[in-house]
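Chemist: You'll find upload.tsv just under this line, and it carries TSV, N, CA and C atoms.
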chain	number	residue	atom	x	y	z
A	4	MET	N	96.99	131.18	93.55
A	4	MET	CA	95.63	131.55	93.93
A	4	MET	C	94.64	131.01	92.90
A	5	GLN	N	95.04	131.05	91.63
A	5	GLN	CA	94.17	130.54	90.57
A	5	GLN	C	93.88	129.05	90.76
A	6	THR	N	94.87	128.29	91.19
A	6	THR	CA	94.67	126.86	91.42
A	6	THR	C	93.67	126.62	92.54
A	7	ILE	N	93.78	127.38	93.61
A	7	ILE	CA	92.83	127.27	94.73
A	7	ILE	C	91.42	127.59	94.24
A	8	GLN	N	91.28	128.66	93.48
A	8	GLN	CA	89.98	129.04	92.95
A	8	GLN	C	89.40	127.96	92.05
A	9	ASN	N	90.23	127.37	91.21
A	9	ASN	CA	89.76	126.30	90.32
A	9	ASN	C	89.31	125.06	91.09
A	10	VAL	N	90.09	124.67	92.08
A	10	VAL	CA	89.72	123.50	92.90
A	10	VAL	C	88.40	123.77	93.60
A	11	MET	N	88.25	124.94	94.17
A	11	MET	CA	87.01	125.27	94.88
A	11	MET	C	85.82	125.29	93.92
A	12	TRP	N	86.00	125.85	92.74
A	12	TRP	CA	84.89	125.94	91.79
A	12	TRP	C	84.49	124.56	91.27
A	13	HIS	N	85.47	123.76	90.90
A	13	HIS	CA	85.17	122.48	90.26
A	13	HIS	C	84.79	121.37	91.24
A	14	TYR	N	85.31	121.39	92.46
A	14	TYR	CA	85.07	120.29	93.38
A	14	TYR	C	84.25	120.66	94.62
A	15	VAL	N	84.16	121.93	94.94
A	15	VAL	CA	83.43	122.36	96.14
A	15	VAL	C	82.36	123.37	95.72
A	16	GLY	N	81.93	123.33	94.47
A	16	GLY	CA	80.96	124.28	93.94
A	16	GLY	C	79.55	123.98	94.39
A	17	LEU	N	78.60	124.37	93.58
A	17	LEU	CA	77.19	124.24	93.94
A	17	LEU	C	76.72	122.80	94.02
A	18	VAL	N	77.16	121.96	93.08
A	18	VAL	CA	76.79	120.54	93.09
A	18	VAL	C	77.98	119.76	93.62
A	19	ARG	N	77.76	119.02	94.71
A	19	ARG	CA	78.86	118.36	95.42
A	19	ARG	C	78.62	116.87	95.56
A	20	THR	N	79.70	116.13	95.66
A	20	THR	CA	79.66	114.71	96.03
A	20	THR	C	80.79	114.47	97.03
A	21	ALA	N	80.67	113.41	97.79
A	21	ALA	CA	81.71	113.08	98.76
A	21	ALA	C	83.04	112.83	98.04
A	22	GLU	N	82.98	112.17	96.89
A	22	GLU	CA	84.21	111.86	96.14
A	22	GLU	C	84.91	113.14	95.68
A	23	ARG	N	84.15	114.07	95.14
A	23	ARG	CA	84.74	115.32	94.66
A	23	ARG	C	85.25	116.18	95.82
A	24	LEU	N	84.54	116.18	96.93
A	24	LEU	CA	85.00	116.92	98.10
A	24	LEU	C	86.30	116.32	98.65
A	25	SER	N	86.39	115.00	98.66
A	25	SER	CA	87.62	114.34	99.11
A	25	SER	C	88.79	114.69	98.20
A	26	ARG	N	88.53	114.72	96.90
A	26	ARG	CA	89.58	115.10	95.95
A	26	ARG	C	90.04	116.53	96.21
A	27	ALA	N	89.09	117.43	96.45
A	27	ALA	CA	89.44	118.82	96.74
A	27	ALA	C	90.31	118.90	97.98
A	28	ILE	N	89.96	118.15	99.00
A	28	ILE	CA	90.73	118.17	100.25
A	28	ILE	C	92.14	117.66	100.00
A	29	ARG	N	92.28	116.59	99.21
A	29	ARG	CA	93.62	116.08	98.88
A	29	ARG	C	94.45	117.13	98.14
A	30	GLU	N	93.86	117.75	97.13
A	30	GLU	CA	94.58	118.74	96.34
A	30	GLU	C	94.93	119.98	97.16
A	31	LEU	N	93.98	120.43	97.97
A	31	LEU	CA	94.24	121.61	98.80
A	31	LEU	C	95.29	121.30	99.88
A	32	SER	N	95.26	120.10	100.43
A	32	SER	CA	96.27	119.71	101.43
A	32	SER	C	97.66	119.71	100.82
A	33	HIS	N	97.76	119.18	99.60
A	33	HIS	CA	99.04	119.19	98.89
A	33	HIS	C	99.51	120.62	98.66
A	34	LEU	N	98.62	121.48	98.19
A	34	LEU	CA	98.96	122.88	97.98
A	34	LEU	C	99.37	123.56	99.29
A	35	GLN	N	98.65	123.22	100.35
A	35	GLN	CA	98.95	123.82	101.66
A	35	GLN	C	100.38	123.47	102.08
A	36	ASN	N	100.77	122.22	101.88
A	36	ASN	CA	102.14	121.80	102.23
A	36	ASN	C	103.18	122.57	101.42
A	37	GLU	N	102.94	122.72	100.13
A	37	GLU	CA	103.87	123.46	99.28
A	37	GLU	C	103.93	124.94	99.67
A	38	ILE	N	102.79	125.53	99.92
A	38	ILE	CA	102.74	126.95	100.30
A	38	ILE	C	103.42	127.15	101.64
A	39	GLU	N	103.20	126.24	102.58
A	39	GLU	CA	103.80	126.36	103.91
A	39	GLU	C	105.33	126.27	103.83
A	40	THR	N	105.82	125.36	103.00
A	40	THR	CA	107.27	125.25	102.81
A	40	THR	C	107.83	126.55	102.24
A	41	PHE	N	107.19	127.07	101.22
A	41	PHE	CA	107.62	128.34	100.62
A	41	PHE	C	107.51	129.48	101.62
A	42	TYR	N	106.43	129.49	102.39
A	42	TYR	CA	106.18	130.53	103.39
A	42	TYR	C	107.32	130.60	104.41
A	43	ARG	N	107.82	129.45	104.80
A	43	ARG	CA	108.88	129.41	105.83
A	43	ARG	C	110.25	129.77	105.27
A	44	ARG	N	110.41	129.71	103.95
A	44	ARG	CA	111.73	129.93	103.36
A	44	ARG	C	111.91	131.28	102.69
A	45	THR	N	110.88	132.06	102.58
A	45	THR	CA	110.98	133.30	101.81
A	45	THR	C	110.52	134.49	102.63
A	46	LYS	N	110.82	135.66	102.10
A	46	LYS	CA	110.41	136.91	102.75
A	46	LYS	C	108.89	137.06	102.65
A	47	LEU	N	108.28	137.48	103.74
A	47	LEU	CA	106.82	137.63	103.78
A	47	LEU	C	106.35	138.78	102.90
A	48	SER	N	105.18	138.58	102.30
A	48	SER	CA	104.53	139.63	101.52
A	48	SER	C	103.03	139.48	101.72
A	49	ASP	N	102.29	140.50	101.39
A	49	ASP	CA	100.84	140.45	101.51
A	49	ASP	C	100.25	139.32	100.66
A	50	GLY	N	100.78	139.16	99.45
A	50	GLY	CA	100.29	138.12	98.55
A	50	GLY	C	100.51	136.73	99.10
A	51	LEU	N	101.67	136.49	99.69
A	51	LEU	CA	101.98	135.18	100.25
A	51	LEU	C	101.12	134.88	101.46
A	52	ILE	N	100.91	135.87	102.30
A	52	ILE	CA	100.04	135.69	103.47
A	52	ILE	C	98.61	135.42	103.01
A	53	GLY	N	98.15	136.15	102.00
A	53	GLY	CA	96.81	135.92	101.45
A	53	GLY	C	96.67	134.53	100.85
A	54	LEU	N	97.70	134.07	100.16
A	54	LEU	CA	97.69	132.73	99.58
A	54	LEU	C	97.61	131.66	100.66
A	55	ARG	N	98.40	131.84	101.70
A	55	ARG	CA	98.40	130.89	102.83
A	55	ARG	C	97.02	130.85	103.49
A	56	ASN	N	96.42	132.01	103.69
A	56	ASN	CA	95.09	132.08	104.30
A	56	ASN	C	94.02	131.49	103.38
A	57	ALA	N	94.14	131.73	102.08
A	57	ALA	CA	93.15	131.23	101.12
A	57	ALA	C	93.11	129.71	101.09
A	58	VAL	N	94.26	129.07	101.11
A	58	VAL	CA	94.28	127.61	101.08
A	58	VAL	C	93.73	127.05	102.39
A	59	GLU	N	93.98	127.72	103.49
A	59	GLU	CA	93.44	127.29	104.78
A	59	GLU	C	91.91	127.39	104.78
A	60	VAL	N	91.38	128.49	104.30
A	60	VAL	CA	89.93	128.68	104.23
A	60	VAL	C	89.31	127.65	103.29
A	61	GLY	N	89.95	127.42	102.14
A	61	GLY	CA	89.45	126.42	101.20
A	61	GLY	C	89.35	125.05	101.83
A	62	LEU	N	90.37	124.66	102.59
A	62	LEU	CA	90.35	123.37	103.29
A	62	LEU	C	89.22	123.30	104.32
A	63	ILE	N	89.04	124.36	105.07
A	63	ILE	CA	87.98	124.39	106.08
A	63	ILE	C	86.61	124.24	105.42
A	64	VAL	N	86.38	124.97	104.35
A	64	VAL	CA	85.09	124.91	103.64
A	64	VAL	C	84.87	123.51	103.06
A	65	ALA	N	85.89	122.94	102.43
A	65	ALA	CA	85.76	121.61	101.82
A	65	ALA	C	85.51	120.54	102.88
A	66	GLN	N	86.20	120.61	104.01
A	66	GLN	CA	86.01	119.64	105.08
A	66	GLN	C	84.62	119.76	105.69
A	67	ALA	N	84.15	120.99	105.88
A	67	ALA	CA	82.81	121.19	106.42
A	67	ALA	C	81.75	120.68	105.45
A	68	ALA	N	81.97	120.92	104.16
A	68	ALA	CA	81.02	120.45	103.14
A	68	ALA	C	80.99	118.93	103.08
A	69	ARG	N	82.14	118.29	103.22
A	69	ARG	CA	82.17	116.82	103.21
A	69	ARG	C	81.47	116.25	104.45
A	70	HIS	N	81.62	116.92	105.55
A	70	HIS	CA	80.98	116.47	106.80
A	70	HIS	C	79.46	116.63	106.74
A	71	ASN	N	78.98	117.70	106.10
A	71	ASN	CA	77.55	117.99	106.01
A	71	ASN	C	76.95	117.26	104.80
A	72	ARG	N	76.23	116.19	105.03
A	72	ARG	CA	75.69	115.39	103.93
A	72	ARG	C	74.29	115.81	103.53
A	73	THR	N	73.86	116.97	103.94
A	73	THR	CA	72.52	117.43	103.59
A	73	THR	C	72.57	118.45	102.46
A	74	SER	N	71.44	118.61	101.79
A	74	SER	CA	71.30	119.62	100.75
A	74	SER	C	70.36	120.70	101.24
A	75	ARG	N	70.90	121.87	101.47
A	75	ARG	CA	70.10	123.01	101.92
A	75	ARG	C	70.65	124.26	101.27
A	76	GLY	N	69.77	125.22	101.04
A	76	GLY	CA	70.23	126.46	100.42
A	76	GLY	C	70.60	126.24	98.97
A	77	CYS	N	71.66	126.87	98.53
A	77	CYS	CA	72.02	126.79	97.11
A	77	CYS	C	73.01	125.66	96.81
A	78	HIS	N	73.55	124.98	97.83
A	78	HIS	CA	74.47	123.88	97.59
A	78	HIS	C	73.70	122.56	97.58
A	79	TYR	N	74.04	121.70	96.65
A	79	TYR	CA	73.31	120.46	96.45
A	79	TYR	C	74.27	119.29	96.47
A	80	ARG	N	73.99	118.31	97.34
A	80	ARG	CA	74.78	117.08	97.39
A	80	ARG	C	74.05	116.02	96.60
A	81	THR	N	74.68	115.49	95.58
A	81	THR	CA	74.06	114.43	94.79
A	81	THR	C	73.93	113.15	95.60
A	82	ASP	N	74.71	113.03	96.66
A	82	ASP	CA	74.65	111.86	97.54
A	82	ASP	C	74.05	112.23	98.89
A	83	ALA	N	73.11	113.18	98.89
A	83	ALA	CA	72.49	113.67	100.13
A	83	ALA	C	71.71	112.56	100.82
A	84	VAL	N	71.58	112.69	102.12
A	84	VAL	CA	70.84	111.75	102.93
A	84	VAL	C	69.34	112.00	102.72
A	85	GLN	N	68.58	110.94	102.48
A	85	GLN	CA	67.14	111.09	102.28
A	85	GLN	C	66.40	110.41	103.42
A	86	VAL	N	65.44	111.14	104.00
A	86	VAL	CA	64.60	110.62	105.08
A	86	VAL	C	63.17	110.68	104.60
A	87	GLY	N	62.56	109.50	104.41
A	87	GLY	CA	61.20	109.46	103.89
A	87	GLY	C	61.15	110.05	102.50
A	88	ASP	N	60.27	111.01	102.30
A	88	ASP	CA	60.17	111.65	100.99
A	88	ASP	C	60.93	112.97	100.93
A	89	ARG	N	61.68	113.26	101.98
A	89	ARG	CA	62.45	114.51	102.04
A	89	ARG	C	63.93	114.27	101.86
A	90	LEU	N	64.55	115.10	101.08
A	90	LEU	CA	65.99	115.08	100.91
A	90	LEU	C	66.58	116.06	101.91
A	91	LEU	N	67.41	115.58	102.80
A	91	LEU	CA	68.03	116.45	103.80
A	91	LEU	C	69.38	116.93	103.34
Turn this file's structure into structure tokens for me.
Modeler:
Amino acid sequence: MQTIQNVMWHYVGLVRTAERLSRAIRELSHLQNEIETFYRRTKLSDGLIGLRNAVEVGLIVAQAARHNRTSRGCHYRTDAVQVGDRLL
């Protein structure tokens, strides 16, 4: 869980770039594969189910953030799309 939290904080945090979001997706995908393998081979527990769900949510958030190239609210894309004098 700590690894997922670190990836999300460092690569999907407030200041984002496409490169860092792609790295987060790669790392989370790798973790997801490892967790899924473990999930299928071991006895279920609340912690394991939570871990599986957390990595899935992290991937969804990172993929959505990579798809959204605008800066709105508290999240800022350093590579945001600019139209005229406005940063979207």
Chemist: Could you check the closest approach to Met11 of chain A for each of A:Ala27, A:Leu34, A:Leu51, A:Ala68 and tell me which residue wins, using only N, CA and C atoms?
Modeler: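 Looking at the shortest contact to Met11 of chain A, the residue is A:Ala27.
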Chemist: Using only C-alpha atoms, which residue out of A:Ala67, A:Ile38, A:Ile28, A:Ala83 lies closest to Met4 of chain A?
Modeler: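 Among the listed residues, the smallest separation from Met4 of chain A belongs to A:Ile38.
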Chemist: If DSSP is run on the backbone, what residues of chain A are alpha helix (DSSP H)? A reply as number ranges by chain would be ideal.
Modeler: A: 5-14, 21-44, 49-70
Chemist: With a distance cut-off of 12 Å and only C-alpha atoms, select the neighbouring residues of Asn56 of chain A, excluding the residue or stretch itself and same-chain residues fewer than 3 positions from it, and output the selection as a ChimeraX atom specification.
Modeler: /A:4,7,31,34-35,38-39,42,49-53,59-63
Chemist: In terms of the shortest atom-to-atom distance over only C-alpha atoms, which of A:Arg44, A:Asp82, A:Arg69, A:Ala57 is closest to Tyr14 of chain A?
Modeler: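 Looking at the shortest contact to Tyr14 of chain A, the residue is A:Arg69.
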Chemist: Using the chain letters and numbers from this document, which residues of chain A does DSSP assign to strand (DSSP E or B), as a list in words?
Modeler: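 Matching residues, listed in order: Val18, Arg19, Arg75, His78, Tyr79, Arg80, Gln85, Val86, Arg89 and Leu90 of chain A.
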Chemist: Find the distance between atom C of Arg43 of chain A and atom C of Gln5 of chain A and write it in Å to one decimal.
Modeler: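 Between atom C of Arg43 of chain A and atom C of Gln5 of chain A the gap works out to 21.9 Å.
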Chemist: Just give me the gap between atom CA of Val10 of chain A and atom CA of Glu30 of chain A in Å, one decimal is fine.
Modeler: 7.6 Å
Chemist: So, with all atoms listed in the file as the atoms that count, which of A:Ser25, A:Thr40, A:Thr81, A:Asn9 lies closest to Ala65 of chain A?
Modeler: A:Ser25
Chemist: In Å, rounded to a single decimal, give me how far atom CA of Thr6 of chain A is from atom CA of Arg23 of chain A.
Modeler: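 Pair atom CA of Arg23 of chain A / atom CA of Thr6 of chain A returns 15.6 Å.
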Chemist: My list of candidates is A:Thr45, A:Arg80, A:Val58, A:His70. Which is closest to Ser32 of chain A when distances are computed with all atoms listed in the file?
Modeler: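 For Ser32 of chain A, the nearest of the candidates is A:Val58.
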Chemist: So that all listed atoms of segment 24-43 of chain A fit with 8 Å spare on each side, what axis-aligned box centre and edge lengths in Å, to one decimal, would you give as AutoDock Vina command-line options?
Modeler:
--center_x 97.4 --center_y 122.5 --center_z 100.9 --size_x 41.7 --size_y 32.3 --size_z 25.9
